[in-house]
Amino acid sequence: MRLGVNIDHVATLRNARGEAYPDPVRAAEVAVAAGADQITCHPRLDQRHIRFSDLPGLRAVSPVMNLEMAAVDQMFEQALDIGPDWACIVPERREELTTEGGLDVRLAQLPRMITALRAEGIKVSLFVDPDEAVVRASAALGADAVELHTGAYGKARGDAVVYELERIERATAAGVEAAIAVHAGHGLTLDNTTAVAAIAAIQELNIGHALVADALFLGGLGAAVRAYKDCIAAARKA
Ligand code: PXP
């Protein structure tokens with residue numbers, strides 16, 4: 001299972017003071033040196049964390065770059081310019097604190113964007129709710145992967161944890177059946193990653209906010225990346 005480290009919140013900290021530090025490119029280098037398999041970033045249209053101007057530097061240091069993008073022409077052009085390995089199409093609302101739900105896969109522009117990105121050699125994933133019908137619809141659109149939104153699982157408590165985990169398991173099974181790769185991410189922490197990482201057919205997790213926060217207390221970003229890699233490795237062995 002691959003670990004994508006989302007470095008958006010290094011840029012959040014930088015932007016909070018209008019300084020040039022901490023540098024997300026340096027963070028990406030440290031994450032990769034510590035074992036991150038890919039760097040994930042989400043240049044939002046409001047540029048609140050990763051900016052378009054960060055993208056060439058991030059491209060240069062990412063062994064695999066996963067660019068999260070809203071399904072709008074401005075982001076589509078950026079993606080074609082930067083040439084990430086993956087484009088993960090996400091819903092984006094200006095007023096949300098973070099990506100709050102899955103993509104509406106009925107959006108009229110998706111077939112055109114998916115076809116054009118793939119024609120440039122950019123693999124496409126769709127960030128969707130863990131819903132079997134939506135996973136099947138994503139496969140029918142010709143996407144290479146779905147990234148299952150694990151935010152509801154991350155927020156669940158008590159019996160709801162099992163309920164949300166079962167949704168993720170069923171959506172993953174639907175992905176396998178429809179021959180589309182399955183990734184997952186959002187709201188994953190050192191406390192809740194194990195159960196998701198244990199789902200054998202999920203090939204990739206993208207983790208950001210908690211990992212960057214853990215870096216403060218675990219002895220740095222490299223140590224935090226290693227802690228998540230170890231957590232994933234232990235889950236896959238169990
Ligand atoms: N995957 C996608 C598609 C996302 O939009 C995000 C948040 O930007 C993440 C993963 C990482 O989520 P978190 O920061 O909660 O770990």
# chains A, B, ... in the order shown; residues from 1 in each chain; ligands from 1
call {"tool": "select_by_dssp", "arguments": {"residues": "region 58-222 of chain A", "states": "alpha helix (DSSP H)", "output": "ChimeraX atom specification"}}
result
/A:58-61,73-82,110-119,132-140,151-155,159-177,193-197,209-218,221-222
call {"tool": "residues_around", "arguments": {"residues": "region 54-64 of chain A", "least_positions_apart": "5", "cutoff": "6 Å", "atoms": "only C-alpha atoms", "output": "compact mmCIF listing (two decimals) with N, CA, C and O atoms, in the first residue's frame"}}
result
# COMPACT_ATOMS: atom_id res chain seq x y z
N VAL A 25 7.92 22.72 -0.43
CA VAL A 25 8.81 21.90 -1.26
C VAL A 25 9.82 21.18 -0.37
O VAL A 25 10.09 19.98 -0.54
N GLN A 38 4.32 9.12 -2.43
CA GLN A 38 3.92 10.19 -3.33
C GLN A 38 3.60 11.45 -2.52
O GLN A 38 3.35 11.40 -1.31
N ILE A 39 3.62 12.56 -3.22
CA ILE A 39 3.23 13.83 -2.61
C ILE A 39 1.89 14.25 -3.21
O ILE A 39 1.71 14.26 -4.43
N ASP A 85 1.53 12.94 -12.00
CA ASP A 85 1.29 11.53 -12.34
C ASP A 85 -0.19 11.21 -12.23
O ASP A 85 -0.73 10.46 -13.02
call {"tool": "residues_near_ligand", "arguments": {"ligand": "ligand 1", "cutoff": "7 Å", "atoms": "only C-alpha atoms and all ligand atoms", "output": "MDAnalysis selection string"}}
result
chainID A and resid 6 8 41:42 68 88 90 98:99 127 147 184:188 206:210
call {"tool": "write_last_selection", "arguments": {"atoms": "all heavy atoms", "output": "compact mmCIF listing (two decimals), in the first residue's frame"}}
result
# COMPACT_ATOMS: atom_id res chain seq x y z
N ASN A 6 0.03 14.37 2.09
CA ASN A 6 -0.58 15.63 1.65
C ASN A 6 0.07 16.77 2.43
O ASN A 6 -0.05 16.82 3.67
CB ASN A 6 -2.09 15.54 1.89
CG ASN A 6 -2.80 16.79 1.47
OD1 ASN A 6 -2.32 17.89 1.73
ND2 ASN A 6 -3.94 16.66 0.82
N ASP A 8 -0.47 20.06 2.14
CA ASP A 8 -1.22 21.32 2.13
C ASP A 8 -0.99 22.16 3.39
O ASP A 8 -0.88 23.38 3.33
CB ASP A 8 -2.72 21.05 2.04
CG ASP A 8 -3.16 20.51 0.69
OD1 ASP A 8 -2.35 20.53 -0.25
OD2 ASP A 8 -4.31 20.05 0.60
N CYS A 41 -1.16 17.19 -3.16
CA CYS A 41 -1.42 18.58 -2.77
C CYS A 41 -2.69 19.06 -3.46
O CYS A 41 -3.10 18.53 -4.49
CB CYS A 41 -0.23 19.47 -3.11
SG CYS A 41 0.08 19.60 -4.87
N HIS A 42 -3.29 20.05 -2.86
CA HIS A 42 -4.57 20.57 -3.35
C HIS A 42 -4.50 22.09 -3.47
O HIS A 42 -4.77 22.80 -2.50
CB HIS A 42 -5.68 20.17 -2.36
CG HIS A 42 -7.05 20.58 -2.81
ND1 HIS A 42 -8.17 20.36 -2.04
CD2 HIS A 42 -7.49 21.19 -3.93
CE1 HIS A 42 -9.24 20.82 -2.68
NE2 HIS A 42 -8.85 21.34 -3.81
N GLU A 68 -4.59 17.25 -6.48
CA GLU A 68 -6.04 17.33 -6.30
C GLU A 68 -6.54 18.58 -7.02
O GLU A 68 -5.94 19.65 -6.90
CB GLU A 68 -6.38 17.42 -4.82
CG GLU A 68 -5.98 16.19 -4.05
CD GLU A 68 -6.29 16.33 -2.58
OE1 GLU A 68 -7.06 17.23 -2.20
OE2 GLU A 68 -5.73 15.55 -1.80
N CYS A 88 -6.42 14.04 -9.06
CA CYS A 88 -7.54 13.55 -8.25
C CYS A 88 -8.61 14.64 -8.28
O CYS A 88 -8.40 15.73 -7.73
CB CYS A 88 -7.08 13.28 -6.82
SG CYS A 88 -8.41 12.74 -5.74
N VAL A 90 -11.69 16.58 -7.26
CA VAL A 90 -12.38 16.73 -5.97
C VAL A 90 -13.47 17.80 -6.09
O VAL A 90 -13.35 18.71 -6.91
CB VAL A 90 -11.39 17.13 -4.84
CG1 VAL A 90 -10.28 16.09 -4.69
CG2 VAL A 90 -10.78 18.50 -5.09
N THR A 98 -12.76 22.17 4.64
CA THR A 98 -11.98 21.14 3.95
C THR A 98 -12.94 20.45 2.99
O THR A 98 -14.12 20.80 2.95
CB THR A 98 -11.36 20.15 4.96
OG1 THR A 98 -10.60 19.17 4.25
CG2 THR A 98 -12.41 19.44 5.80
N THR A 99 -12.47 19.49 2.21
CA THR A 99 -13.34 18.85 1.22
C THR A 99 -14.38 18.01 1.94
O THR A 99 -14.08 16.94 2.47
CB THR A 99 -12.49 17.98 0.26
OG1 THR A 99 -11.34 18.74 -0.11
CG2 THR A 99 -13.27 17.62 -0.98
N PHE A 127 -12.53 11.61 -6.30
CA PHE A 127 -12.68 11.57 -4.84
C PHE A 127 -14.17 11.46 -4.53
O PHE A 127 -14.91 12.44 -4.67
CB PHE A 127 -12.10 12.86 -4.26
CG PHE A 127 -11.99 12.89 -2.77
CD1 PHE A 127 -11.52 11.80 -2.05
CD2 PHE A 127 -12.31 14.04 -2.06
CE1 PHE A 127 -11.38 11.85 -0.68
CE2 PHE A 127 -12.17 14.11 -0.68
CZ PHE A 127 -11.71 13.01 0.01
N GLU A 147 -10.84 7.57 -5.18
CA GLU A 147 -10.33 7.74 -3.82
C GLU A 147 -11.56 7.84 -2.93
O GLU A 147 -12.38 8.76 -3.10
CB GLU A 147 -9.45 8.99 -3.69
CG GLU A 147 -8.95 9.14 -2.25
CD GLU A 147 -7.87 10.18 -2.05
OE1 GLU A 147 -7.12 10.46 -3.01
OE2 GLU A 147 -7.78 10.71 -0.93
N ALA A 184 -7.87 5.71 -0.76
CA ALA A 184 -8.73 6.25 0.29
C ALA A 184 -8.00 7.38 0.99
O ALA A 184 -6.77 7.45 0.98
CB ALA A 184 -9.10 5.15 1.30
N GLY A 185 -8.77 8.26 1.59
CA GLY A 185 -8.15 9.34 2.35
C GLY A 185 -9.14 10.33 2.87
O GLY A 185 -10.29 10.37 2.45
N HIS A 186 -8.68 11.11 3.80
CA HIS A 186 -9.36 12.21 4.48
C HIS A 186 -9.70 11.83 5.92
O HIS A 186 -10.33 10.81 6.16
CB HIS A 186 -10.64 12.67 3.76
CG HIS A 186 -10.92 14.12 4.01
ND1 HIS A 186 -11.41 14.60 5.19
CD2 HIS A 186 -10.72 15.21 3.23
CE1 HIS A 186 -11.52 15.92 5.13
NE2 HIS A 186 -11.10 16.32 3.95
N GLY A 187 -9.20 12.66 6.82
CA GLY A 187 -9.53 12.45 8.23
C GLY A 187 -8.84 11.24 8.85
O GLY A 187 -9.23 10.79 9.93
N LEU A 188 -7.82 10.70 8.18
CA LEU A 188 -7.12 9.55 8.76
C LEU A 188 -6.06 10.03 9.75
O LEU A 188 -5.39 11.04 9.51
CB LEU A 188 -6.49 8.69 7.65
CG LEU A 188 -7.52 8.04 6.70
CD1 LEU A 188 -6.81 7.25 5.59
CD2 LEU A 188 -8.49 7.13 7.46
N ASN A 206 -4.06 8.64 1.27
CA ASN A 206 -3.53 10.00 1.26
C ASN A 206 -3.87 10.65 2.59
O ASN A 206 -5.04 10.73 2.98
CB ASN A 206 -4.15 10.79 0.10
CG ASN A 206 -3.58 10.31 -1.22
OD1 ASN A 206 -2.38 10.49 -1.47
ND2 ASN A 206 -4.39 9.68 -2.05
N ILE A 207 -2.81 11.08 3.28
CA ILE A 207 -2.97 11.57 4.65
C ILE A 207 -2.23 12.89 4.79
O ILE A 207 -1.07 13.01 4.37
CB ILE A 207 -2.43 10.53 5.67
CG1 ILE A 207 -3.08 9.15 5.42
CG2 ILE A 207 -2.69 11.01 7.09
CD1 ILE A 207 -2.65 8.05 6.38
N GLY A 208 -2.90 13.88 5.38
CA GLY A 208 -2.29 15.19 5.48
C GLY A 208 -2.39 15.85 6.84
O GLY A 208 -1.40 15.95 7.57
N HIS A 209 -3.58 16.30 7.19
CA HIS A 209 -3.72 17.18 8.35
C HIS A 209 -3.16 16.55 9.62
O HIS A 209 -2.35 17.16 10.33
CB HIS A 209 -5.20 17.55 8.51
CG HIS A 209 -5.45 18.57 9.57
ND1 HIS A 209 -5.99 18.25 10.79
CD2 HIS A 209 -5.20 19.91 9.61
CE1 HIS A 209 -6.08 19.35 11.53
NE2 HIS A 209 -5.61 20.37 10.83
N ALA A 210 -3.58 15.31 9.90
CA ALA A 210 -3.12 14.67 11.15
C ALA A 210 -1.62 14.40 11.09
O ALA A 210 -0.92 14.56 12.10
CB ALA A 210 -3.89 13.37 11.38
call {"tool": "residues_around", "arguments": {"residues": "Val196 (chain A)", "least_positions_apart": "5", "cutoff": "10 Å", "atoms": "only C-alpha atoms", "output": "MDAnalysis selection string"}}
result
chainID A and resid 150 153 165 168:169 184:185 188 202 205 232 235:236
call {"tool": "write_last_selection", "arguments": {"atoms": "N, CA and C atoms", "output": "PDB file, in the first residue's frame"}}
result
ATOM      1  N   THR A 150     -12.861   9.124   3.362  1.00  0.00           N
ATOM      2  CA  THR A 150     -12.962   8.458   4.659  1.00  0.00           C
ATOM      3  C   THR A 150     -13.300   9.442   5.784  1.00  0.00           C
ATOM      4  N   TYR A 153     -15.962   8.235   8.252  1.00  0.00           N
ATOM      5  CA  TYR A 153     -15.352   7.199   9.110  1.00  0.00           C
ATOM      6  C   TYR A 153     -14.483   7.866  10.183  1.00  0.00           C
ATOM      7  N   LEU A 165     -17.005   1.862   8.398  1.00  0.00           N
ATOM      8  CA  LEU A 165     -15.964   0.972   7.880  1.00  0.00           C
ATOM      9  C   LEU A 165     -16.574  -0.025   6.895  1.00  0.00           C
ATOM     10  N   ILE A 168     -16.980   1.517   3.580  1.00  0.00           N
ATOM     11  CA  ILE A 168     -15.707   1.585   2.854  1.00  0.00           C
ATOM     12  C   ILE A 168     -15.372   0.208   2.273  1.00  0.00           C
ATOM     13  N   GLU A 169     -15.631  -0.836   3.057  1.00  0.00           N
ATOM     14  CA  GLU A 169     -15.341  -2.198   2.571  1.00  0.00           C
ATOM     15  C   GLU A 169     -16.213  -2.546   1.368  1.00  0.00           C
ATOM     16  N   ALA A 184      -7.874   5.708  -0.760  1.00  0.00           N
ATOM     17  CA  ALA A 184      -8.735   6.251   0.294  1.00  0.00           C
ATOM     18  C   ALA A 184      -8.002   7.383   0.989  1.00  0.00           C
ATOM     19  N   GLY A 185      -8.773   8.256   1.593  1.00  0.00           N
ATOM     20  CA  GLY A 185      -8.146   9.336   2.353  1.00  0.00           C
ATOM     21  C   GLY A 185      -9.139  10.331   2.874  1.00  0.00           C
ATOM     22  N   LEU A 188      -7.818  10.705   8.182  1.00  0.00           N
ATOM     23  CA  LEU A 188      -7.119   9.547   8.757  1.00  0.00           C
ATOM     24  C   LEU A 188      -6.063  10.032   9.750  1.00  0.00           C
ATOM     25  N   ILE A 202      -7.388  -1.917  -1.020  1.00  0.00           N
ATOM     26  CA  ILE A 202      -7.083  -0.475  -1.119  1.00  0.00           C
ATOM     27  C   ILE A 202      -5.587  -0.330  -1.374  1.00  0.00           C
ATOM     28  N   LEU A 205      -3.246   5.293   0.461  1.00  0.00           N
ATOM     29  CA  LEU A 205      -3.895   6.219   1.397  1.00  0.00           C
ATOM     30  C   LEU A 205      -3.249   7.587   1.238  1.00  0.00           C
ATOM     31  N   ILE A 232       0.792   1.450   8.656  1.00  0.00           N
ATOM     32  CA  ILE A 232       0.257   0.759   7.468  1.00  0.00           C
ATOM     33  C   ILE A 232       0.885  -0.634   7.348  1.00  0.00           C
ATOM     34  N   ALA A 235      -0.622  -2.995   9.793  1.00  0.00           N
ATOM     35  CA  ALA A 235      -2.010  -3.356   9.433  1.00  0.00           C
ATOM     36  C   ALA A 235      -2.012  -4.386   8.313  1.00  0.00           C
ATOM     37  N   ARG A 236      -1.087  -4.259   7.382  1.00  0.00           N
ATOM     38  CA  ARG A 236      -1.061  -5.182   6.230  1.00  0.00           C
ATOM     39  C   ARG A 236      -0.560  -6.557   6.664  1.00  0.00           C
TER      40      ARG A 236
END
call {"tool": "closest_residue", "arguments": {"among": "A:Ala156, A:Ala198, A:Ala133, A:Val72", "to": "Arg93 (chain A)", "atoms": "only C-alpha atoms"}}
result
A:Val72
call {"tool": "closest_residue", "arguments": {"among": "A:Ala31, A:Ala143, A:Val225, A:Leu148", "to": "Pro130 (chain A)", "atoms": "only C-alpha atoms"}}
result
A:Leu148
call {"tool": "residues_around", "arguments": {"residues": "region 215-217 of chain A", "least_positions_apart": "3", "cutoff": "12 Å", "atoms": "only C-alpha atoms", "output": "VMD selection string"}}
result
chain A and resid 7 9 to 10 27 30 to 31 190 208 to 212 220 to 228
call {"tool": "write_last_selection", "arguments": {"atoms": "C-alpha atoms", "output": "compact mmCIF listing (two decimals), in the first residue's frame"}}
result
# COMPACT_ATOMS: atom_id res chain seq x y z
CA ILE A 7 1.54 18.68 2.40
CA HIS A 9 -1.01 22.25 5.77
CA VAL A 10 2.66 23.08 5.64
CA ALA A 27 8.51 19.40 3.41
CA VAL A 30 11.71 15.43 3.83
CA ALA A 31 8.55 13.33 3.43
CA LEU A 190 -2.64 7.31 13.71
CA GLY A 208 -2.29 15.19 5.48
CA HIS A 209 -3.72 17.18 8.35
CA ALA A 210 -3.12 14.67 11.15
CA LEU A 211 0.31 13.71 9.80
CA VAL A 212 1.50 17.32 9.64
CA GLY A 220 9.47 16.11 12.98
CA LEU A 221 7.89 15.45 9.62
CA GLY A 222 10.21 12.55 8.78
CA ALA A 223 9.32 10.81 12.04
CA ALA A 224 5.61 11.37 11.39
CA VAL A 225 5.87 9.87 7.89
CA ARG A 226 7.69 6.85 9.33
CA ALA A 227 5.01 6.43 12.01
CA TYR A 228 2.26 6.27 9.35
call {"tool": "atom_distance", "arguments": {"atom1": "CA of Asn15 (chain A)", "atom2": "CA of Ile50 (chain A)"}}
result
9.0 Å
call {"tool": "closest_residue", "arguments": {"among": "A:Leu218, A:Leu67, A:Ile199, A:Pro84", "to": "Met1 (chain A)", "atoms": "only C-alpha atoms"}}
result
A:Ile199
call {"tool": "closest_residue", "arguments": {"among": "A:Gly35, A:Ala152, A:Arg48, A:Glu166", "to": "Ala16 (chain A)", "atoms": "only C-alpha atoms"}}
result
A:Arg48
call {"tool": "select_by_dssp", "arguments": {"residues": "region 60-188 of chain A", "states": "strand (DSSP E)", "output": "list in words"}}
result
Met65, Asn66, Leu67, Glu68, Met69, Ala70, Trp86, Ala87, Cys88, Ile89, Val90, Lys123, Val124, Ser125, Leu126, Phe127, Val128, Ala145, Val146, Glu147, Leu148, His149, Ala181, Val182, His183, Ala184 and Gly185 of chain A
call {"tool": "atom_distance", "arguments": {"atom1": "CA of Val128 (chain A)", "atom2": "CA of Thr12 (chain A)"}}
result
24.3 Å
call {"tool": "atom_distance", "arguments": {"atom1": "CA of Leu80 (chain A)", "atom2": "CA of Glu120 (chain A)"}}
result
7.5 Å
